[in-house]
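Read the structure below first, then the notes.
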Amino acid sequence: MAGFVGEAVLSGFIQKLVDMVASPELWKYAREEQVDSELNEWKKILMKIYAVLHDAEEKQMTNPLVKMWLDDLRDLAYDVEDILDEFATQALRRNLIVAQPQPPTGTVRSIFSSLSTSLTLSAAWSNLSMGSKIEEITARLQDISAQKKHLDLRDVSAGWSGRKRLRKLPSTSLVLESRIYGRETEKAAILAMLLKDDPSDDEVCVIPIVGMGGIGKTTLAQLAFNDDKVKDHFDLRAWVCVSDDFDVLRVTKTILQSLSPHTRYANNLNLLQIELREKLYRKKFLLILDDVWNENFDEWDILCMPMRAGASGSKLIVTTRNKGVVSVTGTCSAYPLQELSYDDCLSLFTRQALGARDFDAYPHLKEVGEEIVRRCKGLPLAAKALGGMLRNQLNRRAWEDILTSKIWDFPEEKSRILPALKLSYHHLPSHLKRCFAYCSIFPKDYEFDKDELILLWMAEGFLQQTKGENQPEKLG
């Protein structure tokens with residue numbers, strides 16, 4: 001977790017420095033002091049460094065040299081901030097002096113005022129040795145920027161699709177219903193939405209299933225997709241795991257391959273869309289798009305273009321943990337998925353850990369097992385992952401070790417919790433990463449006061465307003 005927090009704060013910090021360097025007031029002062037070319041160089045280097053920070057955060061887990069690079073960068077960033085703060089202070093002081101009413105020329109007061117102003121600025125510049133400090137910072141920035149090439153840090157400023165993927169297997173439509181606990185009510189609600197034939201306009205009914213990572217959105221979609229009534233109701237069904245790379249060409253091609261597995265398709269989007277429109281023409285279809293992150297309406301609209309040829313009653317289910325996706329994709333009411341009940345979560349956990357529905361045959365594990373399940377807080381992914389780590393472990397001490405451990409401490413290869421939740425973290429914009437990471441300084445189970453937390457964010461300078469935005473409290 002420390003790596004996440006450090007990267008979040010550093011990413012936001014570098015962004016803040018870029019904003020400071022680009023400040024009009026600072027630039028005016030820099031031009032007057034003839035250091036604007038140096039500041040422009042700082043801005044360019046900082047932007048290049050910012051572009052590789054996400055990749056550096058990934059690689060620091062396995063490469064100690066990258067971790068050292070991030071530590072050096074953090075120290076340098078603090079020094080850059082000190083210089084920029086001094087610039088801002090001097091610029092403000094100069095503006096205040098200029099704004100003061102000037103006494104009549106030739107008076108003793110006028111002479112002393114002018115002399116005082118000159119001495120103040122001259123002394124400040126001399127005492128701080130600003131020129132040499134700027135040269136030093138420039139050299140350090142150039143050096144640390146050059147190091148990123150040797151560390152093979154990739155520029156991901158073009159967006160999420162350009163960065164290293166978290167290791168995660170794509171979902172499939174297959175599900176073993178006997179191993180699913182709870183969700184009867186939820187399944188019935190989704191089936192009612194799927195089997196209801198509303199008079200259709202040009203738009204396909206898109207039903208978003210939304211909820212936090214690991215809560216069971218994919219499982220619910222699988223249950224609906226494989227239901228016998230659904231199979232009979234729709235002429236065509238297709239399942240596509242979209243994940244974080246929303247490539248319209250790839251998704252379109254995957255839909256076609258799901259409908260005609262033995263057909264080869266070209267890599268031409270126009271031909272693919274024409275082919276898909278013909279496949280769907282006047283057919284009632286069900287399409288599941290699992291794990292969608294895309295919030296670009298234009299890309300979504302292009303993807304859906306061929307689907308408008310389908311028959312009335314065609315449905316599209318989108319599973320997502322991102323509420324922004326709901327506003328882009330949803331044409332029908334979203335279905336917010338809630339946590340499992342304690343009893344269902346307990347059954348899921350004991351099935352994974354013991355191959356049983358309860359602790360009747362293992363009374364010595366019952367107390368600690370029930371406490372582990374309470375820690376899962378109704379999250380199926382956590383119950384499955386922790387149960388899987390305890391499979392066939394009948395030693396109470398091993399169970400107590402899991403109970404007292406932190407999810408973040410589990411090796412990634414032994415638990416799917418970290419990659420699943422890490423994906424949500426990485427999709428946060430940098431300014432929200434800082435706000436999220438800041439909360440880690442509070443003790444476990446600390447009850448947050450909203451207004452107090454917002455004031456703390458404000459004090460740290462995390463709430464960066466743009467022109468036309470609300471007050472910082474509203475933004476927070």
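Identifiers for the structure tokens are assigned positionally: chains receive A, B, ... in sequence, residues are indexed from 1 per chain, and ligands are indexed from 1 in the order shown.
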**Distance query Glu371 in chain A at most 12 Å, only C-alpha atoms, self and fewer than 6 positions along chain excluded, as a ChimeraX atom specification** = /A:342,345-346,349,365,377,383,399-400,402-404
**Message:** Residues near Asp198 in chain A, anyone? I mean within 12 Å using only C-alpha atoms, not counting same-chain ones fewer than 2 positions away, as a PyMOL selection string.
**Reply:** chain A and resi 192-196+200-201+203-205+311-315+332
**Request:** Do a neighbour search on range 237-240 of chain A at 6 Å with only C-alpha atoms, toss out local chain neighbours closer than 6 positions, and write the hits as a list in words.
**Result:**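 Contacts, in chain order: Ser258, Phe285, Leu286, Leu287, Ile288 and Leu289 of chain A.
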**Message:** To one decimal place in Å, what is the distance between CA of Pro261 in chain A and CA of Asp290 in chain A?
**Reply:** 19.1 Å
**Prompt:** Within 9 Å of Val318 in chain A, counting only C-alpha atoms, which residues qualify if same-chain residues fewer than 4 places away don't, as a ChimeraX atom specification?
**Reply:** /A:206-210,221,287-292,325-326,329-330
**Request:** Show which residues sit within 12 Å of range 390-397 of chain A, as a ChimeraX atom specification. Count only C-alpha atoms, and ignore same-chain residues fewer than 3 positions away.
**Result:** /A:349-356,359,361-369,372,383-387,400-404,414-415
**Asked** Which polymer residues have any atom within 9 Å of an atom of Tyr181 in chain A, counting only C-alpha atoms, with same-chain residues fewer than 4 positions away left out, as a list in words?
**Response**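 Within the cut-off, the hits are Glu177, Leu340, Asp344, Cys345, Ser347 and Leu348 of chain A.
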**Prompt:** To one decimal place, how far is CA of Asp72 in chain A from CA of Gln34 in chain A in Å?
**Reply:**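 One can read the CA of Asp72 in chain A to CA of Gln34 in chain A distance as 28.4 Å.
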Selection: 9 Å around Glu186 in chain A, only C-alpha atoms, excl. self and same-chain fewer than 6 positions, as a CSV table (one decimal) with C-alpha atoms, in the first residue's frame:
```csv
chain,number,residue,atom,x,y,z
A,220,LEU,CA,-24.6,-11.9,-12.1
A,335,TYR,CA,-28.8,-1.9,-11.6
A,337,LEU,CA,-25.3,-4.4,-7.2
```
**Given only C-alpha atoms as the counted atoms, nearest of A:Pro24, A:Gly476, A:Pro443, A:Pro380 to Arg179 in chain A** =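 The shortest atom-to-atom distance to Arg179 in chain A comes from A:Pro380.
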**Message:** Run DSSP on the backbone and tell me which residues of range 199-383 of chain A come out as alpha helix (DSSP H); list them as number ranges by chain.
**Reply:** A: 217-225, 228-233, 248-259, 269-280, 297-304, 323-329, 342-354, 363-376, 380-383
**Item:** Residue with smallest distance to Ala88 in chain A - pool A:Arg264, A:Arg250, A:Lys28, A:Lys59, counting only C-alpha atoms
**Value:**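 Among A:Arg264, A:Arg250, A:Lys28, A:Lys59, it is A:Lys28 that comes nearest to Ala88 in chain A.
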**Message:** To one decimal place in Å, what is the distance between CA of Gly131 in chain A and CA of Ala30 in chain A?
**Reply:**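 Here the two named atoms are 11.6 Å from each other.
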